[in-house]
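File shown here: entry_18.cif, holding mmCIF, C-alpha atoms.
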data_final
loop_
_atom_site.group_PDB
_atom_site.id
_atom_site.type_symbol
_atom_site.label_atom_id
_atom_site.label_comp_id
_atom_site.auth_asym_id
_atom_site.auth_seq_id
_atom_site.Cartn_x
_atom_site.Cartn_y
_atom_site.Cartn_z
ATOM 1 C CA MET U 14 103.544 261.533 -85.441
ATOM 2 C CA LYS U 15 106.843 263.373 -85.798
ATOM 3 C CA ILE U 16 108.600 263.174 -89.172
ATOM 4 C CA VAL U 17 112.039 264.634 -89.872
ATOM 5 C CA GLY U 18 112.842 265.487 -93.493
ATOM 6 C CA ILE U 19 116.315 266.056 -94.900
ATOM 7 C CA VAL U 20 117.450 266.664 -98.476
ATOM 8 C CA ASP U 21 120.674 267.127 -100.427
ATOM 9 C CA ILE U 22 123.029 265.218 -98.142
ATOM 10 C CA HIS U 23 125.628 264.777 -100.904
ATOM 11 C CA GLY U 24 127.477 262.191 -98.836
ATOM 12 C CA ASN U 25 128.168 264.602 -95.977
ATOM 13 C CA THR U 26 126.978 263.059 -92.695
ATOM 14 C CA THR U 27 128.834 265.486 -90.404
ATOM 15 C CA HIS U 28 125.572 266.762 -88.885
ATOM 16 C CA VAL U 29 124.048 263.349 -88.110
ATOM 17 C CA PRO U 30 124.979 263.210 -84.384
ATOM 18 C CA ALA U 31 123.539 266.696 -83.825
ATOM 19 C CA LEU U 32 120.317 265.756 -85.633
ATOM 20 C CA ALA U 33 119.887 262.599 -83.552
ATOM 21 C CA ALA U 34 120.401 264.629 -80.377
ATOM 22 C CA GLN U 35 118.123 267.517 -81.392
ATOM 23 C CA VAL U 36 115.140 265.405 -82.506
ATOM 24 C CA PRO U 37 115.381 262.256 -80.365
ATOM 25 C CA ASP U 38 111.642 261.550 -80.598
ATOM 26 C CA ALA U 39 111.384 261.336 -84.411
ATOM 27 C CA ASP U 40 109.128 258.514 -85.606
ATOM 28 C CA LEU U 41 110.262 258.630 -89.238
ATOM 29 C CA LEU U 42 113.184 260.080 -91.178
ATOM 30 C CA LEU U 43 112.573 261.008 -94.829
ATOM 31 C CA LEU U 44 115.472 261.491 -97.234
ATOM 32 C CA GLY U 45 114.532 263.678 -100.180
ATOM 33 C CA GLY U 46 117.317 262.715 -102.567
ATOM 34 C CA ASP U 47 120.966 263.370 -103.352
ATOM 35 C CA LEU U 48 122.083 260.979 -100.659
ATOM 36 C CA THR U 49 125.445 260.871 -102.426
ATOM 37 C CA ASN U 50 127.551 263.180 -104.535
ATOM 38 C CA PHE U 51 127.516 261.259 -107.825
ATOM 39 C CA GLY U 52 127.787 258.063 -105.807
ATOM 40 C CA ARG U 53 126.704 254.496 -106.281
ATOM 41 C CA GLY U 54 125.285 251.765 -104.081
ATOM 42 C CA GLY U 55 128.110 251.522 -101.564
ATOM 43 C CA ASP U 56 128.160 255.277 -101.070
ATOM 44 C CA ALA U 57 124.406 255.331 -100.434
ATOM 45 C CA LEU U 58 124.684 252.443 -97.998
ATOM 46 C CA ALA U 59 127.242 254.356 -95.934
ATOM 47 C CA VAL U 60 124.831 257.302 -95.690
ATOM 48 C CA LEU U 61 121.912 255.067 -94.696
ATOM 49 C CA GLU U 62 123.956 253.394 -91.987
ATOM 50 C CA ALA U 63 125.137 256.738 -90.623
ATOM 51 C CA LEU U 64 121.547 258.021 -90.437
ATOM 52 C CA ALA U 65 120.084 254.880 -88.830
ATOM 53 C CA PRO U 66 120.274 256.259 -85.241
ATOM 54 C CA CYS U 67 118.080 259.246 -86.130
ATOM 55 C CA ALA U 68 114.716 257.426 -86.221
ATOM 56 C CA PRO U 69 113.270 253.922 -85.917
ATOM 57 C CA ARG U 70 112.117 254.066 -89.557
ATOM 58 C CA LEU U 71 113.721 255.625 -92.628
ATOM 59 C CA LEU U 72 112.467 256.045 -96.207
ATOM 60 C CA ALA U 73 114.297 257.625 -99.139
ATOM 61 C CA VAL U 74 114.099 258.686 -102.762
ATOM 62 C CA LEU U 75 117.026 259.226 -105.112
ATOM 63 C CA GLY U 76 118.289 262.584 -106.273
ATOM 64 C CA ASN U 77 119.675 263.544 -109.644
ATOM 65 C CA CYS U 78 123.220 263.147 -108.229
ATOM 66 C CA ASP U 79 122.593 259.527 -107.202
ATOM 67 C CA TYR U 80 123.189 256.895 -109.878
ATOM 68 C CA PRO U 81 119.994 254.950 -110.674
ATOM 69 C CA GLU U 82 121.506 251.762 -109.221
ATOM 70 C CA VAL U 83 121.144 253.355 -105.767
ATOM 71 C CA ARG U 84 117.440 252.432 -105.965
ATOM 72 C CA ARG U 85 118.486 248.774 -105.674
ATOM 73 C CA THR U 86 120.395 249.605 -102.495
ATOM 74 C CA LEU U 87 117.328 251.319 -101.044
ATOM 75 C CA ALA U 88 115.170 248.328 -101.967
ATOM 76 C CA ASP U 89 117.622 245.869 -100.449
ATOM 77 C CA ARG U 90 117.531 247.859 -97.191
ATOM 78 C CA GLU U 91 113.707 248.056 -97.390
ATOM 79 C CA VAL U 92 113.756 251.873 -97.314
ATOM 80 C CA ASN U 93 112.840 252.691 -100.914
ATOM 81 C CA LEU U 94 110.156 255.333 -101.513
ATOM 82 C CA ASP U 95 111.304 256.154 -105.062
ATOM 83 C CA ARG U 96 108.359 255.569 -107.437
ATOM 84 C CA ALA U 97 106.597 253.859 -104.517
ATOM 85 C CA GLY U 98 103.731 254.276 -102.098
ATOM 86 C CA THR U 99 103.598 252.855 -98.588
ATOM 87 C CA SER U 100 102.179 253.445 -95.101
ATOM 88 C CA VAL U 101 103.915 254.242 -91.820
ATOM 89 C CA GLY U 102 101.922 254.802 -88.675
ATOM 90 C CA ALA U 103 99.036 257.159 -89.316
ATOM 91 C CA VAL U 104 100.124 258.373 -92.770
ATOM 92 C CA ASP U 105 100.551 257.192 -96.335
ATOM 93 C CA LEU U 106 103.696 258.179 -98.203
ATOM 94 C CA VAL U 107 104.396 258.578 -101.900
ATOM 95 C CA GLY U 108 107.703 259.446 -103.511
ATOM 96 C CA VAL U 109 109.650 260.123 -106.671
ATOM 97 C CA GLY U 110 113.358 260.748 -107.186
ATOM 98 C CA GLY U 111 115.611 262.190 -109.831
ATOM 99 C CA SER U 112 115.069 265.473 -111.597
ATOM 100 C CA ILE U 113 114.227 267.034 -114.911
ATOM 101 C CA ALA U 114 117.145 268.071 -117.125
ATOM 102 C CA CYS U 115 119.803 270.144 -115.357
ATOM 103 C CA PRO U 116 122.136 272.756 -116.880
ATOM 104 C CA GLY U 117 124.955 270.223 -116.451
ATOM 105 C CA ARG U 118 124.413 266.513 -117.018
ATOM 106 C CA THR U 119 123.708 264.443 -113.914
ATOM 107 C CA PRO U 120 123.181 260.673 -113.741
ATOM 108 C CA ASN U 121 119.496 260.513 -112.763
ATOM 109 C CA GLU U 122 117.400 262.793 -114.977
ATOM 110 C CA TYR U 123 114.013 262.245 -116.641
ATOM 111 C CA ALA U 124 111.575 263.980 -118.929
ATOM 112 C CA ASP U 125 109.024 265.906 -116.886
ATOM 113 C CA ALA U 126 106.197 263.670 -118.098
ATOM 114 C CA GLU U 127 108.070 260.622 -116.784
ATOM 115 C CA LEU U 128 108.096 262.081 -113.280
ATOM 116 C CA GLY U 129 104.335 262.441 -113.555
ATOM 117 C CA ARG U 130 103.935 258.802 -114.603
ATOM 118 C CA PHE U 131 106.177 257.633 -111.755
ATOM 119 C CA LEU U 132 104.049 259.584 -109.276
ATOM 120 C CA ASP U 133 100.778 258.250 -110.669
ATOM 121 C CA ALA U 134 102.087 254.684 -110.395
ATOM 122 C CA ALA U 135 103.220 255.315 -106.816
ATOM 123 C CA GLN U 136 99.862 256.838 -105.876
ATOM 124 C CA ALA U 137 98.112 253.749 -107.254
ATOM 125 C CA GLN U 138 99.899 251.645 -104.620
ATOM 126 C CA LEU U 139 98.055 253.437 -101.808
ATOM 127 C CA ALA U 140 94.705 252.279 -100.467
ATOM 128 C CA GLY U 141 93.591 255.870 -99.858
ATOM 129 C CA GLY U 142 91.663 257.457 -97.040
ATOM 130 C CA ARG U 143 94.706 258.512 -94.986
ATOM 131 C CA PRO U 144 96.786 261.702 -94.882
ATOM 132 C CA VAL U 145 99.531 261.595 -97.524
ATOM 133 C CA ILE U 146 103.082 262.883 -97.176
ATOM 134 C CA MET U 147 104.837 263.271 -100.534
ATOM 135 C CA VAL U 148 108.589 263.268 -101.146
ATOM 136 C CA SER U 149 109.870 264.582 -104.481
ATOM 137 C CA HIS U 150 113.507 265.480 -105.047
ATOM 138 C CA GLN U 151 112.390 267.762 -107.871
ATOM 139 C CA PRO U 152 110.189 270.568 -106.492
ATOM 140 C CA PRO U 153 106.960 271.736 -108.132
ATOM 141 C CA MET U 154 107.254 274.683 -110.487
ATOM 142 C CA ASP U 155 106.522 278.340 -109.705
ATOM 143 C CA THR U 156 106.853 278.193 -105.928
ATOM 144 C CA ILE U 157 109.275 279.403 -103.278
ATOM 145 C CA VAL U 158 110.863 275.957 -103.148
ATOM 146 C CA ASP U 159 111.935 275.899 -106.817
ATOM 147 C CA ARG U 160 113.339 279.427 -106.960
ATOM 148 C CA VAL U 161 116.956 279.615 -108.102
ATOM 149 C CA GLY U 162 119.427 282.494 -107.935
ATOM 150 C CA GLY U 163 118.088 285.601 -109.617
ATOM 151 C CA GLY U 164 114.495 284.680 -108.786
ATOM 152 C CA SER U 165 113.732 282.415 -111.748
ATOM 153 C CA HIS U 166 112.049 279.035 -111.256
ATOM 154 C CA ALA U 167 113.322 275.547 -112.104
ATOM 155 C CA GLY U 168 110.564 273.236 -110.912
ATOM 156 C CA SER U 169 108.493 270.507 -112.490
ATOM 157 C CA ALA U 170 105.105 271.072 -114.110
ATOM 158 C CA ALA U 171 104.265 267.378 -113.666
ATOM 159 C CA VAL U 172 105.037 267.434 -109.936
ATOM 160 C CA ARG U 173 102.920 270.562 -109.545
ATOM 161 C CA SER U 174 100.037 268.977 -111.482
ATOM 162 C CA PHE U 175 100.172 265.872 -109.289
ATOM 163 C CA ILE U 176 99.983 268.033 -106.163
ATOM 164 C CA GLU U 177 97.092 270.088 -107.539
ATOM 165 C CA VAL U 178 95.091 266.936 -108.246
ATOM 166 C CA GLN U 179 96.014 264.721 -105.296
ATOM 167 C CA GLN U 180 96.476 267.412 -102.623
ATOM 168 C CA PRO U 181 98.843 265.553 -100.288
ATOM 169 C CA LEU U 182 99.129 267.017 -96.817
ATOM 170 C CA VAL U 183 102.807 267.937 -97.263
ATOM 171 C CA CYS U 184 105.397 267.728 -100.053
ATOM 172 C CA LEU U 185 109.067 267.560 -99.045
ATOM 173 C CA SER U 186 111.479 268.485 -101.832
ATOM 174 C CA GLY U 187 115.086 269.531 -102.346
ATOM 175 C CA HIS U 188 117.339 269.806 -105.421
ATOM 176 C CA ILE U 189 117.270 273.612 -105.516
ATOM 177 C CA HIS U 190 119.750 274.407 -102.739
ATOM 178 C CA GLU U 191 118.815 278.074 -102.560
ATOM 179 C CA GLY U 192 115.077 277.318 -102.693
ATOM 180 C CA ASP U 193 114.675 276.743 -98.966
ATOM 181 C CA GLY U 194 111.368 277.792 -97.493
ATOM 182 C CA ILE U 195 107.738 276.876 -96.957
ATOM 183 C CA ASP U 196 104.994 277.504 -99.507
ATOM 184 C CA ARG U 197 101.590 276.113 -100.429
ATOM 185 C CA ILE U 198 99.671 274.754 -103.407
ATOM 186 C CA GLY U 199 96.027 274.588 -102.407
ATOM 187 C CA GLY U 200 95.832 272.476 -99.268
ATOM 188 C CA THR U 201 99.354 271.099 -99.660
ATOM 189 C CA GLN U 202 102.209 272.555 -97.641
ATOM 190 C CA LEU U 203 105.509 272.596 -99.542
ATOM 191 C CA VAL U 204 108.838 272.497 -97.734
ATOM 192 C CA ASN U 205 112.429 272.623 -98.902
ATOM 193 C CA PRO U 206 114.549 272.822 -95.735
ATOM 194 C CA GLY U 207 117.783 273.496 -97.609
ATOM 195 C CA PRO U 208 120.715 271.073 -97.814
ATOM 196 C CA PHE U 209 121.385 268.756 -94.896
ATOM 197 C CA MET U 210 125.076 269.000 -95.741
ATOM 198 C CA HIS U 211 124.746 272.572 -94.420
ATOM 199 C CA GLY U 212 122.869 271.429 -91.304
ATOM 200 C CA ASN U 213 119.270 272.098 -92.394
ATOM 201 C CA TYR U 214 116.235 269.914 -91.756
ATOM 202 C CA ALA U 215 112.436 270.032 -91.558
ATOM 203 C CA VAL U 216 110.075 268.731 -88.906
ATOM 204 C CA ILE U 217 106.593 267.627 -89.981
ATOM 205 C CA GLU U 218 104.239 266.954 -87.090
ATOM 206 C CA VAL U 219 101.053 265.172 -88.163
ATOM 207 C CA PHE U 220 98.034 265.152 -85.885
ATOM 208 C CA ALA U 221 94.309 264.639 -86.512
ATOM 209 C CA GLY U 222 94.710 264.823 -90.301
ATOM 210 C CA ALA U 223 96.627 268.122 -90.190
ATOM 211 C CA ALA U 224 100.329 268.960 -90.262
ATOM 212 C CA GLU U 225 102.615 271.596 -88.803
ATOM 213 C CA VAL U 226 105.802 272.142 -90.814
ATOM 214 C CA THR U 227 108.907 273.929 -89.543
ATOM 215 C CA ILE U 228 112.481 274.400 -90.796
ATOM 216 C CA HIS U 229 115.505 274.189 -88.502
ATOM 217 C CA SER U 230 119.268 274.607 -88.633
ATOM 218 C CA LEU U 231 121.822 272.625 -86.652
ATOM 219 C CA ASN U 232 124.193 275.581 -86.928
ATOM 220 C CA THR U 233 122.224 277.829 -84.549
#

Using structure tokens, write down the structure from this file.
Amino acid sequence: MKIVGIVDIHGNTTHVPALAAQVPDADLLLLGGDLTNFGRGGDALAVLEALAPCAPRLLAVLGNCDYPEVRRTLADREVNLDRAGTSVGAVDLVGVGGSIACPGRTPNEYADAELGRFLDAAQAQLAGGRPVIMVSHQPPMDTIVDRVGGGSHAGSAAVRSFIEVQQPLVCLSGHIHEGDGIDRIGGTQLVNPGPFMHGNYAVIEVFAGAAEVTIHSLNT
């Protein structure tokens, strides 16, 4: 199963045709939040429609720059993975959107403990026994993928705790634009491909209960 993951679109769909051409065999497209740049339902819908040619199935969580009402748009389009668990093909998926408090106020922020409760509720929707791919706009703390300028970390303790306990196969995250890279917590591979608005994306290939994760740029 081939999964493409993109994060931090911020309403910029310039790279969509190149993505569709470069990964024509994607089975699933995962959007890891910030579909819009402080946008609402109509803005999110435009992004979803632009991305539709990239894969036969799409699932998304919100980012901190998406207004909470965007979740209704995702639900109406039957692509919501925010605070939800579901199955596609050979994998289960669990997701959470938004972020912990940012230096500047954004419209979709939560206390860290709330993110943990959202994830636990989403996990409870899964039957279990299948590989799990996790999508969290907010990355786990103290990893490559939550490292901001200057080398400090801005991740979530609750997201990290969930990963340590549940050990999903892969966690796709975004939010920290400069935190692109691949890391690991136990048996979980972590990936932040960097912003899609800059042409970055991840490929997650799942086979026989394992996963290979790579990061790509549409600018090279």

Can you check which parts of stretch 57-76 of chain U lie within 6 Å of stretch 108-125 of chain U? Per residue, the shortest pair of atoms and distance in Å to one decimal, counting all atoms listed in the file, sorted by chain and number, as CSV.
residue,atom,partner,partner_atom,distance
U:Val74,CA,U:Gly110,CA,4.9
U:Leu75,CA,U:Gly110,CA,4.5
U:Gly76,CA,U:Gly111,CA,4.5

Subject >> Polymer residues at most 7 Å from U:Gly54, all atoms listed in the file, same-chain spacing of 6 or more positions, as an MDAnalysis selection string >> reply: chainID U and resid 82:83 86

As a check of understanding, name the residues that the PyMOL selection byres ((chain U and resi 145-156) around 6) selects in the supplied structure, as a short mmCIF file (atom, residue, chain, number, x, y, z; two decimals) with C-alpha atoms, keeping the file's coordinate frame.
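Dumped to out-v2.cif:
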data_model
loop_
_atom_site.label_atom_id
_atom_site.label_comp_id
_atom_site.auth_asym_id
_atom_site.auth_seq_id
_atom_site.Cartn_x
_atom_site.Cartn_y
_atom_site.Cartn_z
CA GLY U 45 114.53 263.68 -100.18
CA GLY U 46 117.32 262.71 -102.57
CA GLY U 76 118.29 262.58 -106.27
CA VAL U 104 100.12 258.37 -92.77
CA ASP U 105 100.55 257.19 -96.34
CA LEU U 106 103.70 258.18 -98.20
CA VAL U 107 104.40 258.58 -101.90
CA GLY U 108 107.70 259.45 -103.51
CA VAL U 109 109.65 260.12 -106.67
CA GLY U 110 113.36 260.75 -107.19
CA SER U 112 115.07 265.47 -111.60
CA PRO U 144 96.79 261.70 -94.88
CA ILE U 157 109.28 279.40 -103.28
CA VAL U 158 110.86 275.96 -103.15
CA ASP U 159 111.94 275.90 -106.82
CA HIS U 166 112.05 279.04 -111.26
CA GLY U 168 110.56 273.24 -110.91
CA SER U 169 108.49 270.51 -112.49
CA ALA U 170 105.10 271.07 -114.11
CA VAL U 172 105.04 267.43 -109.94
CA ARG U 173 102.92 270.56 -109.54
CA PRO U 181 98.84 265.55 -100.29
CA LEU U 182 99.13 267.02 -96.82
CA VAL U 183 102.81 267.94 -97.26
CA CYS U 184 105.40 267.73 -100.05
CA LEU U 185 109.07 267.56 -99.04
CA SER U 186 111.48 268.48 -101.83
CA GLY U 187 115.09 269.53 -102.35
CA HIS U 188 117.34 269.81 -105.42
#

Subject >> atom CA of U:Val29 to atom CA of U:Leu71, distance in Å rounded to a single decimal >> reply: 13.7 Å

**OP:** Just say which residues the PyMOL selection byres ((chain U and resi 215) around 8) picks in this file, as a PyMOL selection string.
**Re:** chain U and resi 17-19+204-206+213-214+216-217+226-229

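Closest approach to U:His23 among U:Ala135, U:Cys67, U:Leu203, U:Cys78: U:Cys78, based on only C-alpha atoms.
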
Subject >> d(atom CA of U:Glu62, atom CA of U:Lys15) in Å >> reply: 20.8 Å

**OP:** Would you please work out which residue, of U:Ala171, U:Met14, U:Val178, U:Val20, is nearest to U:Gly212 when using all atoms listed in the file?
**Re:**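 Of U:Ala171, U:Met14, U:Val178, U:Val20, the one nearest U:Gly212 is U:Val20, counting all atoms listed in the file.
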
Would you fill the gaps in stretch 113-124 of chain U so it has all heavy atoms, then print it as a PDB file, in the frame of the given file?
ATOM      1  N   ILE U 113     114.274 266.705-113.494  1.00  0.00           N
ATOM      2  CA  ILE U 113     114.227 267.034-114.911  1.00  0.00           C
ATOM      3  C   ILE U 113     115.638 267.479-115.331  1.00  0.00           C
ATOM      4  O   ILE U 113     116.539 267.558-114.509  1.00  0.00           O
ATOM      5  CB  ILE U 113     113.158 268.099-115.209  1.00  0.00           C
ATOM      6  CG1 ILE U 113     113.393 269.370-114.378  1.00  0.00           C
ATOM      7  CG2 ILE U 113     111.774 267.549-114.923  1.00  0.00           C
ATOM      8  CD1 ILE U 113     112.403 270.501-114.670  1.00  0.00           C
ATOM      9  N   ALA U 114     115.816 267.750-116.602  1.00  0.00           N
ATOM     10  CA  ALA U 114     117.145 268.071-117.125  1.00  0.00           C
ATOM     11  C   ALA U 114     117.769 269.253-116.399  1.00  0.00           C
ATOM     12  O   ALA U 114     117.108 270.264-116.130  1.00  0.00           O
ATOM     13  CB  ALA U 114     117.057 268.365-118.616  1.00  0.00           C
ATOM     14  N   CYS U 115     119.043 269.102-116.055  1.00  0.00           N
ATOM     15  CA  CYS U 115     119.803 270.144-115.357  1.00  0.00           C
ATOM     16  C   CYS U 115     120.718 270.862-116.353  1.00  0.00           C
ATOM     17  O   CYS U 115     121.018 270.327-117.418  1.00  0.00           O
ATOM     18  CB  CYS U 115     120.658 269.515-114.259  1.00  0.00           C
ATOM     19  SG  CYS U 115     119.704 268.640-113.007  1.00  0.00           S
ATOM     20  N   PRO U 116     121.201 272.053-115.991  1.00  0.00           N
ATOM     21  CA  PRO U 116     122.136 272.756-116.880  1.00  0.00           C
ATOM     22  C   PRO U 116     123.381 271.921-117.195  1.00  0.00           C
ATOM     23  O   PRO U 116     123.897 271.967-118.308  1.00  0.00           O
ATOM     24  CB  PRO U 116     122.494 274.013-116.086  1.00  0.00           C
ATOM     25  CG  PRO U 116     121.305 274.239-115.205  1.00  0.00           C
ATOM     26  CD  PRO U 116     120.812 272.874-114.840  1.00  0.00           C
ATOM     27  N   GLY U 117     123.873 271.173-116.217  1.00  0.00           N
ATOM     28  CA  GLY U 117     124.955 270.223-116.451  1.00  0.00           C
ATOM     29  C   GLY U 117     124.402 268.821-116.316  1.00  0.00           C
ATOM     30  O   GLY U 117     123.457 268.584-115.576  1.00  0.00           O
ATOM     31  N   ARG U 118     124.954 267.861-117.036  1.00  0.00           N
ATOM     32  CA  ARG U 118     124.413 266.513-117.018  1.00  0.00           C
ATOM     33  C   ARG U 118     124.648 265.860-115.664  1.00  0.00           C
ATOM     34  O   ARG U 118     125.739 265.924-115.105  1.00  0.00           O
ATOM     35  CB  ARG U 118     125.054 265.669-118.123  1.00  0.00           C
ATOM     36  CG  ARG U 118     124.719 266.117-119.527  1.00  0.00           C
ATOM     37  CD  ARG U 118     123.231 266.016-119.820  1.00  0.00           C
ATOM     38  NE  ARG U 118     122.728 264.662-119.672  1.00  0.00           N
ATOM     39  CZ  ARG U 118     122.729 263.747-120.652  1.00  0.00           C
ATOM     40  NH1 ARG U 118     123.229 264.063-121.840  1.00  0.00           N
ATOM     41  NH2 ARG U 118     122.255 262.543-120.446  1.00  0.00           N
ATOM     42  N   THR U 119     123.613 265.232-115.134  1.00  0.00           N
ATOM     43  CA  THR U 119     123.708 264.443-113.914  1.00  0.00           C
ATOM     44  C   THR U 119     123.140 263.055-114.197  1.00  0.00           C
ATOM     45  O   THR U 119     122.410 262.866-115.181  1.00  0.00           O
ATOM     46  CB  THR U 119     122.968 265.121-112.744  1.00  0.00           C
ATOM     47  OG1 THR U 119     121.600 265.339-113.103  1.00  0.00           O
ATOM     48  CG2 THR U 119     123.626 266.441-112.365  1.00  0.00           C
ATOM     49  N   PRO U 120     123.451 262.058-113.357  1.00  0.00           N
ATOM     50  CA  PRO U 120     123.181 260.673-113.741  1.00  0.00           C
ATOM     51  C   PRO U 120     121.749 260.190-113.577  1.00  0.00           C
ATOM     52  O   PRO U 120     121.444 259.065-113.974  1.00  0.00           O
ATOM     53  CB  PRO U 120     124.115 259.872-112.825  1.00  0.00           C
ATOM     54  CG  PRO U 120     124.335 260.733-111.643  1.00  0.00           C
ATOM     55  CD  PRO U 120     124.332 262.133-112.167  1.00  0.00           C
ATOM     56  N   ASN U 121     120.846 261.017-113.026  1.00  0.00           N
ATOM     57  CA  ASN U 121     119.496 260.513-112.763  1.00  0.00           C
ATOM     58  C   ASN U 121     118.460 261.575-113.134  1.00  0.00           C
ATOM     59  O   ASN U 121     117.838 262.188-112.277  1.00  0.00           O
ATOM     60  CB  ASN U 121     119.369 260.112-111.285  1.00  0.00           C
ATOM     61  CG  ASN U 121     118.176 259.218-111.020  1.00  0.00           C
ATOM     62  OD1 ASN U 121     117.731 258.467-111.879  1.00  0.00           O
ATOM     63  ND2 ASN U 121     117.656 259.291-109.812  1.00  0.00           N
ATOM     64  N   GLU U 122     118.312 261.786-114.450  1.00  0.00           N
ATOM     65  CA  GLU U 122     117.400 262.793-114.977  1.00  0.00           C
ATOM     66  C   GLU U 122     116.326 262.138-115.849  1.00  0.00           C
ATOM     67  O   GLU U 122     116.561 261.094-116.466  1.00  0.00           O
ATOM     68  CB  GLU U 122     118.164 263.825-115.804  1.00  0.00           C
ATOM     69  CG  GLU U 122     119.194 264.608-115.013  1.00  0.00           C
ATOM     70  CD  GLU U 122     119.972 265.587-115.885  1.00  0.00           C
ATOM     71  OE1 GLU U 122     119.654 265.704-117.090  1.00  0.00           O
ATOM     72  OE2 GLU U 122     120.890 266.241-115.359  1.00  0.00           O
ATOM     73  N   TYR U 123     115.148 262.791-115.902  1.00  0.00           N
ATOM     74  CA  TYR U 123     114.013 262.245-116.641  1.00  0.00           C
ATOM     75  C   TYR U 123     113.270 263.378-117.338  1.00  0.00           C
ATOM     76  O   TYR U 123     113.343 264.538-116.916  1.00  0.00           O
ATOM     77  CB  TYR U 123     113.047 261.526-115.694  1.00  0.00           C
ATOM     78  CG  TYR U 123     113.699 260.410-114.925  1.00  0.00           C
ATOM     79  CD1 TYR U 123     114.235 260.631-113.655  1.00  0.00           C
ATOM     80  CD2 TYR U 123     113.826 259.134-115.473  1.00  0.00           C
ATOM     81  CE1 TYR U 123     114.863 259.618-112.947  1.00  0.00           C
ATOM     82  CE2 TYR U 123     114.446 258.107-114.768  1.00  0.00           C
ATOM     83  CZ  TYR U 123     114.969 258.359-113.517  1.00  0.00           C
ATOM     84  OH  TYR U 123     115.601 257.362-112.834  1.00  0.00           O
ATOM     85  N   ALA U 124     112.523 263.031-118.357  1.00  0.00           N
ATOM     86  CA  ALA U 124     111.575 263.980-118.929  1.00  0.00           C
ATOM     87  C   ALA U 124     110.513 264.286-117.881  1.00  0.00           C
ATOM     88  O   ALA U 124     110.171 263.438-117.053  1.00  0.00           O
ATOM     89  CB  ALA U 124     110.928 263.387-120.179  1.00  0.00           C
TER      90      ALA U 124
END
